[in-house]
Structure formats: structure tokens, C-alpha cells
file model11.cif (mmCIF, C-alpha atoms and all ligand atoms)
data_start
#
loop_
_atom_site.label_atom_id
_atom_site.label_comp_id
_atom_site.auth_asym_id
_atom_site.auth_seq_id
_atom_site.Cartn_x
_atom_site.Cartn_y
_atom_site.Cartn_z
CA MET A 1 17.73 7.53 4.38
CA ALA A 2 15.29 10.09 5.59
CA LEU A 3 11.93 10.18 7.27
CA ARG A 4 9.14 11.57 5.11
CA ASN A 5 6.16 13.52 6.32
CA VAL A 6 2.94 11.44 6.40
CA VAL A 7 0.05 13.16 4.63
CA LYS A 8 -3.16 13.14 6.68
CA MET A 9 -6.80 12.79 5.63
CA GLY A 10 -8.22 16.08 4.42
CA ASP A 11 -5.24 16.63 2.11
CA GLU A 12 -6.35 16.30 -1.53
CA THR A 13 -3.17 14.36 -2.37
CA LEU A 14 -4.79 11.29 -0.80
CA ARG A 15 -7.73 11.54 -3.21
CA LYS A 16 -5.80 11.56 -6.46
CA LYS A 17 -5.05 8.66 -8.79
CA CYS A 18 -1.42 7.66 -9.00
CA LYS A 19 0.65 7.37 -12.15
CA LYS A 20 2.62 4.29 -13.12
CA VAL A 21 6.33 4.22 -12.35
CA GLU A 22 8.40 4.07 -15.52
CA LYS A 23 11.90 4.73 -14.25
CA PHE A 24 13.42 2.12 -11.99
CA ASP A 25 16.39 4.19 -10.94
CA GLU A 26 18.20 5.38 -7.86
CA ASN A 27 15.55 7.99 -7.09
CA LEU A 28 13.00 5.20 -6.77
CA TRP A 29 15.30 3.16 -4.53
CA VAL A 30 15.90 6.10 -2.20
CA LEU A 31 12.16 6.71 -2.02
CA LEU A 32 11.52 3.03 -1.18
CA GLU A 33 14.09 3.13 1.64
CA ASP A 34 12.57 6.36 2.98
CA MET A 35 9.11 4.83 2.84
CA PHE A 36 10.22 1.75 4.79
CA GLU A 37 11.88 3.96 7.38
CA THR A 38 8.81 6.19 7.66
CA MET A 39 6.47 3.20 7.94
CA ASN A 40 8.56 1.50 10.63
CA LYS A 41 9.05 4.72 12.63
CA ASN A 42 5.26 5.14 12.72
CA ASN A 43 4.60 1.46 13.49
CA GLY A 44 2.69 1.00 10.24
CA MET A 45 2.21 -2.20 8.25
CA GLY A 46 1.97 -0.52 4.89
CA LEU A 47 2.59 2.78 3.19
CA ALA A 48 1.63 4.00 -0.28
CA GLY A 49 3.14 6.78 -2.41
CA PRO A 50 0.40 9.38 -1.85
CA GLN A 51 0.89 9.07 1.92
CA VAL A 52 4.30 10.67 1.49
CA GLY A 53 3.07 13.10 -1.16
CA ILE A 54 4.22 11.07 -4.16
CA LEU A 55 1.46 10.36 -6.70
CA LYS A 56 3.06 7.22 -8.08
CA GLN A 57 2.07 3.57 -7.89
CA ILE A 58 4.44 2.55 -5.11
CA VAL A 59 3.66 0.47 -2.03
CA VAL A 60 5.76 -0.85 0.82
CA MET A 61 4.50 -3.33 3.39
CA GLU A 62 5.75 -5.39 6.29
CA VAL A 63 3.42 -8.27 7.06
CA ASN A 64 4.20 -11.02 9.57
CA GLY A 65 7.89 -10.08 9.49
CA ALA A 66 8.20 -10.14 5.69
CA LYS A 67 8.95 -6.99 3.74
CA PHE A 68 7.36 -6.29 0.37
CA GLU A 69 7.87 -3.51 -2.10
CA MET A 70 5.43 -3.34 -4.97
CA ILE A 71 5.73 -1.03 -7.93
CA ASN A 72 2.68 -0.66 -10.20
CA PRO A 73 0.71 -3.31 -8.28
CA GLU A 74 -2.44 -4.68 -9.80
CA ILE A 75 -4.81 -7.13 -8.14
CA ILE A 76 -5.48 -9.66 -10.87
CA GLU A 77 -7.58 -12.12 -8.89
CA GLU A 78 -9.56 -12.05 -5.68
CA SER A 79 -11.69 -14.57 -3.82
CA THR A 80 -15.41 -13.96 -3.59
CA GLU A 81 -15.15 -14.93 0.06
CA THR A 82 -14.50 -11.86 2.19
CA ILE A 83 -13.44 -11.34 5.78
CA ASP A 84 -14.46 -8.50 8.09
CA ASP A 85 -11.58 -7.26 10.20
CA GLU A 86 -10.13 -4.15 11.76
CA GLU A 87 -8.03 -1.64 9.83
CA GLY A 88 -6.23 1.57 10.57
CA CYS A 89 -4.11 3.91 8.50
CA LEU A 90 -1.19 6.24 9.22
CA SER A 91 -3.04 8.92 7.24
CA VAL A 92 -6.16 8.54 9.40
CA PRO A 93 -4.76 8.62 12.93
CA SER A 94 -6.82 7.42 15.87
CA THR A 95 -9.55 5.86 13.74
CA HIS A 96 -9.98 2.11 13.45
CA GLY A 97 -12.82 0.29 11.81
CA ILE A 98 -14.13 -2.90 10.29
CA VAL A 99 -13.66 -3.37 6.56
CA ALA A 100 -14.59 -6.37 4.38
CA ARG A 101 -11.74 -7.55 2.15
CA PRO A 102 -11.26 -10.63 -0.03
CA LYS A 103 -9.85 -13.58 1.90
CA GLU A 104 -7.34 -14.25 -0.87
CA ILE A 105 -5.88 -12.14 -3.64
CA THR A 106 -3.30 -12.44 -6.38
CA VAL A 107 -1.25 -9.34 -7.05
CA ARG A 108 1.02 -8.65 -10.01
CA PHE A 109 3.65 -5.97 -9.61
CA GLN A 110 7.18 -4.93 -10.49
CA ASP A 111 10.16 -5.00 -8.17
CA ARG A 112 12.62 -2.11 -7.81
CA TYR A 113 14.44 -3.20 -10.96
CA GLY A 114 11.29 -3.42 -13.06
CA PHE A 115 10.97 -7.21 -13.06
CA PHE A 116 7.41 -8.51 -12.93
CA MET A 117 6.34 -10.72 -10.05
CA VAL A 118 3.11 -12.38 -8.98
CA ILE A 119 2.18 -13.27 -5.40
CA THR A 120 -0.92 -14.99 -4.09
CA GLY A 121 -1.66 -14.50 -0.41
CA GLU A 122 -4.47 -14.50 2.08
CA ASP A 123 -5.79 -12.93 5.26
CA LEU A 124 -3.57 -10.13 6.56
CA PHE A 125 -1.44 -10.02 3.40
CA ALA A 126 -4.54 -9.80 1.20
CA ARG A 127 -6.06 -7.12 3.43
CA CYS A 128 -2.90 -5.06 3.40
CA VAL A 129 -2.49 -5.22 -0.39
CA CYS A 130 -6.13 -4.19 -0.92
CA HIS A 131 -5.76 -1.27 1.51
CA GLU A 132 -2.56 -0.02 -0.15
CA VAL A 133 -3.80 -0.46 -3.72
CA ASP A 134 -6.87 1.56 -2.72
CA HIS A 135 -4.52 4.37 -1.70
CA LEU A 136 -3.14 4.43 -5.25
CA ASN A 137 -6.68 5.07 -6.49
CA GLY A 138 -7.51 7.80 -3.99
CA ILE A 139 -9.57 5.53 -1.75
CA LEU A 140 -9.24 5.44 2.05
CA PHE A 141 -10.38 2.59 4.30
CA VAL A 142 -12.89 4.90 6.00
CA ASP A 143 -14.75 5.05 2.64
CA LYS A 144 -15.45 1.31 2.99
CA MET A 145 -15.67 1.05 6.77
CA LYS A 146 -18.77 -0.76 8.06
CA LYS A 147 -18.39 0.61 11.58
CA LYS A 148 -15.78 2.05 13.90
CA SER A 149 -14.06 -0.39 16.22
NI NI B 1 -3.47 3.46 4.73
#

call {"tool": "encode", "arguments": {"input": "model11.cif", "output": "C-alpha cells"}}
result
Amino acid sequence: MALRNVVKMGDETLRKKCKKVEKFDENLWVLLEDMFETMNKNNGMGLAGPQVGILKQIVVMEVNGAKFEMINPEIIEESTETIDDEEGCLSVPSTHGIVARPKEITVRFQDRYGFFMVITGEDLFARCVCHEVDHLNGILFVDKMKKKS
């Protein structure tokens, strides 16, 4: 495993749209392990491909002690009810702010072997998925931030 460099805001990589993963091979698995290591080392809750310079639809998260890896994630349902809460991002150091996110979402994704999975979750999980999926579309939380906190 190896630590990867975290790309910071201002780098155009963070503004590009990511491509779908089509090969579920060892290269992907190494990348996933590196992303977990990089996220944990930096005390993050989530990390998306572009944040390590990889323009592919890959997300890792650790929420409430549970690890998730999502390949080609797609939010297929979201509640109309939203919650305002604080967010930060390893690519936007020393900025925190309030963002509205759906209270509950359902996400469909593939695991590291290419099998499809669907998870419904709320609150912090929902917030984290929305934040990371935004990364895959070149969107940063500061674009949606209501105010700094
Ligand atoms: Ni982020």
C-alpha cells in the first residue's frame, strides 16, 4: 500500500467529470487500498478518485466505523427533506461550511468485483455519499456552501 498525494482546490483535476470503471482488476484493488490509507492518514471520512488524481468513478468512505467502497456510484433516490450541516474536504483544507443535503438517499454502485449493490442510508451516510458523488462530477462542497462555519 502507498499513500497518494491529495489534490487541492485550484487544480483542474477536481473540476473534471469522471469516467466509469470498466476493469475490476488488481490495479483497481491497489488503488482502493491506497485511497483508504490516504483517507485514514489524513483523518478524512471520504475520498473520491479525482482527489488522488484519478478521473474514475471511485469512492471510499468510512462512516460511523463502517467502511464502504463504491465503484460507479449513482444516487437513484433521495428524500425531499434536507438537512443543513457542516462539511469539510481534504481537497479544501481549513474551510468548513454548512451544506444542505438530502436526509436520506439510495445509492446503487458496484463493489471491487463488479457486483451491483444498493444501499439506503440517512444523515451522515447520505451526506457523505452526496459529497463524494459530487466529486465525481467536478463539484466541490464550497460550490453549494450556504455559509462558512
Ligand atoms: Ni471532499

call {"tool": "closest_atom_pairs", "arguments": {"input": "model11.cif", "of": "range 56-77 of chain A", "to": "range 82-104 of chain A", "cutoff": "12 Å", "atoms": "only C-alpha atoms", "output": "JSON lines"}}
result
{"residue": "A:Ile75", "atom": "CA", "partner": "A:Glu104", "partner_atom": "CA", "distance": 10.5}
{"residue": "A:Ile76", "atom": "CA", "partner": "A:Glu104", "partner_atom": "CA", "distance": 11.2}
{"residue": "A:Glu77", "atom": "CA", "partner": "A:Glu104", "partner_atom": "CA", "distance": 8.3}

call {"tool": "atom_distance", "arguments": {"input": "model11.cif", "atom1": "CA of Glu62 in chain A", "atom2": "CA of Thr80 in chain A"}}
result
24.9 Å

call {"tool": "closest_residue", "arguments": {"input": "model11.cif", "among": "A:Glu132, A:Ile58, A:Val118, A:Asp143", "to": "ligand NI 1 (chain B)", "atoms": "all atoms listed in the file"}}
result
A:Glu132

call {"tool": "closest_residue", "arguments": {"input": "model11.cif", "among": "A:Leu28, A:Cys18, A:Asp111, A:Lys41", "to": "Glu69 in chain A", "atoms": "all atoms listed in the file"}}
result
A:Asp111

call {"tool": "atom_distance", "arguments": {"input": "model11.cif", "atom1": "CA of Lys17 in chain A", "atom2": "CA of Met1 in chain A"}}
result
26.3 Å

call {"tool": "residues_near_ligand", "arguments": {"input": "model11.cif", "ligand": "ligand NI 1 (chain B)", "cutoff": "10 Å", "atoms": "all atoms listed in the file", "output": "NGL selection string"}}
result
:A and (8-9 or 14 or 44-48 or 50-51 or 87-93 or 128 or 130-135 or 139-142)

call {"tool": "closest_residue", "arguments": {"input": "model11.cif", "among": "A:Glu122, A:Asp34, A:Asp25, A:Glu74", "to": "Ile54 in chain A", "atoms": "all atoms listed in the file"}}
result
A:Asp34

call {"tool": "atom_distance", "arguments": {"input": "model11.cif", "atom1": "CA of Thr106 in chain A", "atom2": "CA of Arg4 in chain A"}}
result
29.4 Å

call {"tool": "build_atoms", "arguments": {"input": "model11.cif", "residues": "range 27-38 of chain A", "atoms": "all heavy atoms", "output": "PDB file, in the coordinates of the input"}}
result
ATOM      1  N   ASN A  27      16.547   7.159  -7.777  1.00  0.00           N
ATOM      2  CA  ASN A  27      15.550   7.990  -7.090  1.00  0.00           C
ATOM      3  C   ASN A  27      14.442   7.137  -6.499  1.00  0.00           C
ATOM      4  O   ASN A  27      13.960   7.391  -5.389  1.00  0.00           O
ATOM      5  CB  ASN A  27      14.934   9.006  -8.068  1.00  0.00           C
ATOM      6  CG  ASN A  27      15.936  10.052  -8.504  1.00  0.00           C
ATOM      7  OD1 ASN A  27      16.845  10.403  -7.744  1.00  0.00           O
ATOM      8  ND2 ASN A  27      15.797  10.541  -9.727  1.00  0.00           N
ATOM      9  N   LEU A  28      14.022   6.120  -7.249  1.00  0.00           N
ATOM     10  CA  LEU A  28      13.000   5.200  -6.770  1.00  0.00           C
ATOM     11  C   LEU A  28      13.507   4.442  -5.551  1.00  0.00           C
ATOM     12  O   LEU A  28      12.799   4.275  -4.556  1.00  0.00           O
ATOM     13  CB  LEU A  28      12.600   4.226  -7.887  1.00  0.00           C
ATOM     14  CG  LEU A  28      11.657   3.097  -7.474  1.00  0.00           C
ATOM     15  CD1 LEU A  28      10.275   3.637  -7.097  1.00  0.00           C
ATOM     16  CD2 LEU A  28      11.520   2.062  -8.596  1.00  0.00           C
ATOM     17  N   TRP A  29      14.757   3.974  -5.625  1.00  0.00           N
ATOM     18  CA  TRP A  29      15.300   3.160  -4.530  1.00  0.00           C
ATOM     19  C   TRP A  29      15.411   3.972  -3.248  1.00  0.00           C
ATOM     20  O   TRP A  29      15.127   3.474  -2.164  1.00  0.00           O
ATOM     21  CB  TRP A  29      16.659   2.561  -4.932  1.00  0.00           C
ATOM     22  CG  TRP A  29      16.580   1.780  -6.221  1.00  0.00           C
ATOM     23  CD1 TRP A  29      15.454   1.205  -6.759  1.00  0.00           C
ATOM     24  CD2 TRP A  29      17.636   1.521  -7.141  1.00  0.00           C
ATOM     25  NE1 TRP A  29      15.763   0.598  -7.951  1.00  0.00           N
ATOM     26  CE2 TRP A  29      17.090   0.770  -8.211  1.00  0.00           C
ATOM     27  CE3 TRP A  29      18.990   1.824  -7.165  1.00  0.00           C
ATOM     28  CZ2 TRP A  29      17.859   0.340  -9.299  1.00  0.00           C
ATOM     29  CZ3 TRP A  29      19.761   1.394  -8.241  1.00  0.00           C
ATOM     30  CH2 TRP A  29      19.194   0.658  -9.288  1.00  0.00           C
ATOM     31  N   VAL A  30      15.824   5.223  -3.377  1.00  0.00           N
ATOM     32  CA  VAL A  30      15.900   6.100  -2.200  1.00  0.00           C
ATOM     33  C   VAL A  30      14.508   6.290  -1.606  1.00  0.00           C
ATOM     34  O   VAL A  30      14.307   6.202  -0.390  1.00  0.00           O
ATOM     35  CB  VAL A  30      16.536   7.465  -2.562  1.00  0.00           C
ATOM     36  CG1 VAL A  30      16.357   8.470  -1.422  1.00  0.00           C
ATOM     37  CG2 VAL A  30      18.009   7.301  -2.907  1.00  0.00           C
ATOM     38  N   LEU A  31      13.541   6.527  -2.477  1.00  0.00           N
ATOM     39  CA  LEU A  31      12.160   6.710  -2.020  1.00  0.00           C
ATOM     40  C   LEU A  31      11.674   5.467  -1.273  1.00  0.00           C
ATOM     41  O   LEU A  31      11.059   5.565  -0.201  1.00  0.00           O
ATOM     42  CB  LEU A  31      11.245   7.015  -3.213  1.00  0.00           C
ATOM     43  CG  LEU A  31       9.750   7.094  -2.911  1.00  0.00           C
ATOM     44  CD1 LEU A  31       9.451   8.208  -1.907  1.00  0.00           C
ATOM     45  CD2 LEU A  31       8.950   7.316  -4.197  1.00  0.00           C
ATOM     46  N   LEU A  32      11.949   4.281  -1.825  1.00  0.00           N
ATOM     47  CA  LEU A  32      11.520   3.030  -1.180  1.00  0.00           C
ATOM     48  C   LEU A  32      12.138   2.912   0.215  1.00  0.00           C
ATOM     49  O   LEU A  32      11.453   2.562   1.182  1.00  0.00           O
ATOM     50  CB  LEU A  32      11.922   1.827  -2.031  1.00  0.00           C
ATOM     51  CG  LEU A  32      11.073   1.600  -3.296  1.00  0.00           C
ATOM     52  CD1 LEU A  32      11.757   0.596  -4.225  1.00  0.00           C
ATOM     53  CD2 LEU A  32       9.670   1.132  -2.953  1.00  0.00           C
ATOM     54  N   GLU A  33      13.428   3.213   0.331  1.00  0.00           N
ATOM     55  CA  GLU A  33      14.090   3.130   1.640  1.00  0.00           C
ATOM     56  C   GLU A  33      13.464   4.129   2.611  1.00  0.00           C
ATOM     57  O   GLU A  33      13.221   3.813   3.774  1.00  0.00           O
ATOM     58  CB  GLU A  33      15.599   3.392   1.515  1.00  0.00           C
ATOM     59  CG  GLU A  33      16.364   2.372   0.663  1.00  0.00           C
ATOM     60  CD  GLU A  33      16.095   0.928   1.057  1.00  0.00           C
ATOM     61  OE1 GLU A  33      15.996   0.653   2.272  1.00  0.00           O
ATOM     62  OE2 GLU A  33      15.970   0.071   0.165  1.00  0.00           O
ATOM     63  N   ASP A  34      13.208   5.331   2.133  1.00  0.00           N
ATOM     64  CA  ASP A  34      12.570   6.360   2.980  1.00  0.00           C
ATOM     65  C   ASP A  34      11.181   5.913   3.416  1.00  0.00           C
ATOM     66  O   ASP A  34      10.764   6.150   4.554  1.00  0.00           O
ATOM     67  CB  ASP A  34      12.441   7.683   2.213  1.00  0.00           C
ATOM     68  CG  ASP A  34      13.775   8.391   2.051  1.00  0.00           C
ATOM     69  OD1 ASP A  34      14.796   7.889   2.570  1.00  0.00           O
ATOM     70  OD2 ASP A  34      13.797   9.455   1.395  1.00  0.00           O
ATOM     71  N   MET A  35      10.463   5.277   2.504  1.00  0.00           N
ATOM     72  CA  MET A  35       9.110   4.830   2.840  1.00  0.00           C
ATOM     73  C   MET A  35       9.137   3.727   3.887  1.00  0.00           C
ATOM     74  O   MET A  35       8.327   3.723   4.824  1.00  0.00           O
ATOM     75  CB  MET A  35       8.363   4.378   1.578  1.00  0.00           C
ATOM     76  CG  MET A  35       7.922   5.549   0.692  1.00  0.00           C
ATOM     77  SD  MET A  35       7.162   5.059  -0.871  1.00  0.00           S
ATOM     78  CE  MET A  35       5.608   4.341  -0.313  1.00  0.00           C
ATOM     79  N   PHE A  36      10.081   2.797   3.769  1.00  0.00           N
ATOM     80  CA  PHE A  36      10.220   1.750   4.790  1.00  0.00           C
ATOM     81  C   PHE A  36      10.533   2.374   6.145  1.00  0.00           C
ATOM     82  O   PHE A  36       9.953   2.016   7.172  1.00  0.00           O
ATOM     83  CB  PHE A  36      11.310   0.745   4.410  1.00  0.00           C
ATOM     84  CG  PHE A  36      10.813  -0.404   3.587  1.00  0.00           C
ATOM     85  CD1 PHE A  36      11.273  -0.599   2.296  1.00  0.00           C
ATOM     86  CD2 PHE A  36       9.889  -1.304   4.106  1.00  0.00           C
ATOM     87  CE1 PHE A  36      10.807  -1.652   1.520  1.00  0.00           C
ATOM     88  CE2 PHE A  36       9.422  -2.372   3.342  1.00  0.00           C
ATOM     89  CZ  PHE A  36       9.888  -2.549   2.054  1.00  0.00           C
ATOM     90  N   GLU A  37      11.469   3.318   6.132  1.00  0.00           N
ATOM     91  CA  GLU A  37      11.880   3.960   7.380  1.00  0.00           C
ATOM     92  C   GLU A  37      10.697   4.706   8.014  1.00  0.00           C
ATOM     93  O   GLU A  37      10.461   4.622   9.225  1.00  0.00           O
ATOM     94  CB  GLU A  37      13.037   4.930   7.103  1.00  0.00           C
ATOM     95  CG  GLU A  37      13.698   5.428   8.369  1.00  0.00           C
ATOM     96  CD  GLU A  37      14.855   6.384   8.112  1.00  0.00           C
ATOM     97  OE1 GLU A  37      15.289   6.533   6.950  1.00  0.00           O
ATOM     98  OE2 GLU A  37      15.297   7.005   9.089  1.00  0.00           O
ATOM     99  N   THR A  38       9.955   5.412   7.179  1.00  0.00           N
ATOM    100  CA  THR A  38       8.810   6.190   7.660  1.00  0.00           C
ATOM    101  C   THR A  38       7.720   5.270   8.207  1.00  0.00           C
ATOM    102  O   THR A  38       7.124   5.525   9.255  1.00  0.00           O
ATOM    103  CB  THR A  38       8.249   7.062   6.522  1.00  0.00           C
ATOM    104  OG1 THR A  38       9.302   7.885   6.010  1.00  0.00           O
ATOM    105  CG2 THR A  38       7.106   7.938   6.997  1.00  0.00           C
TER     106      THR A  38
END
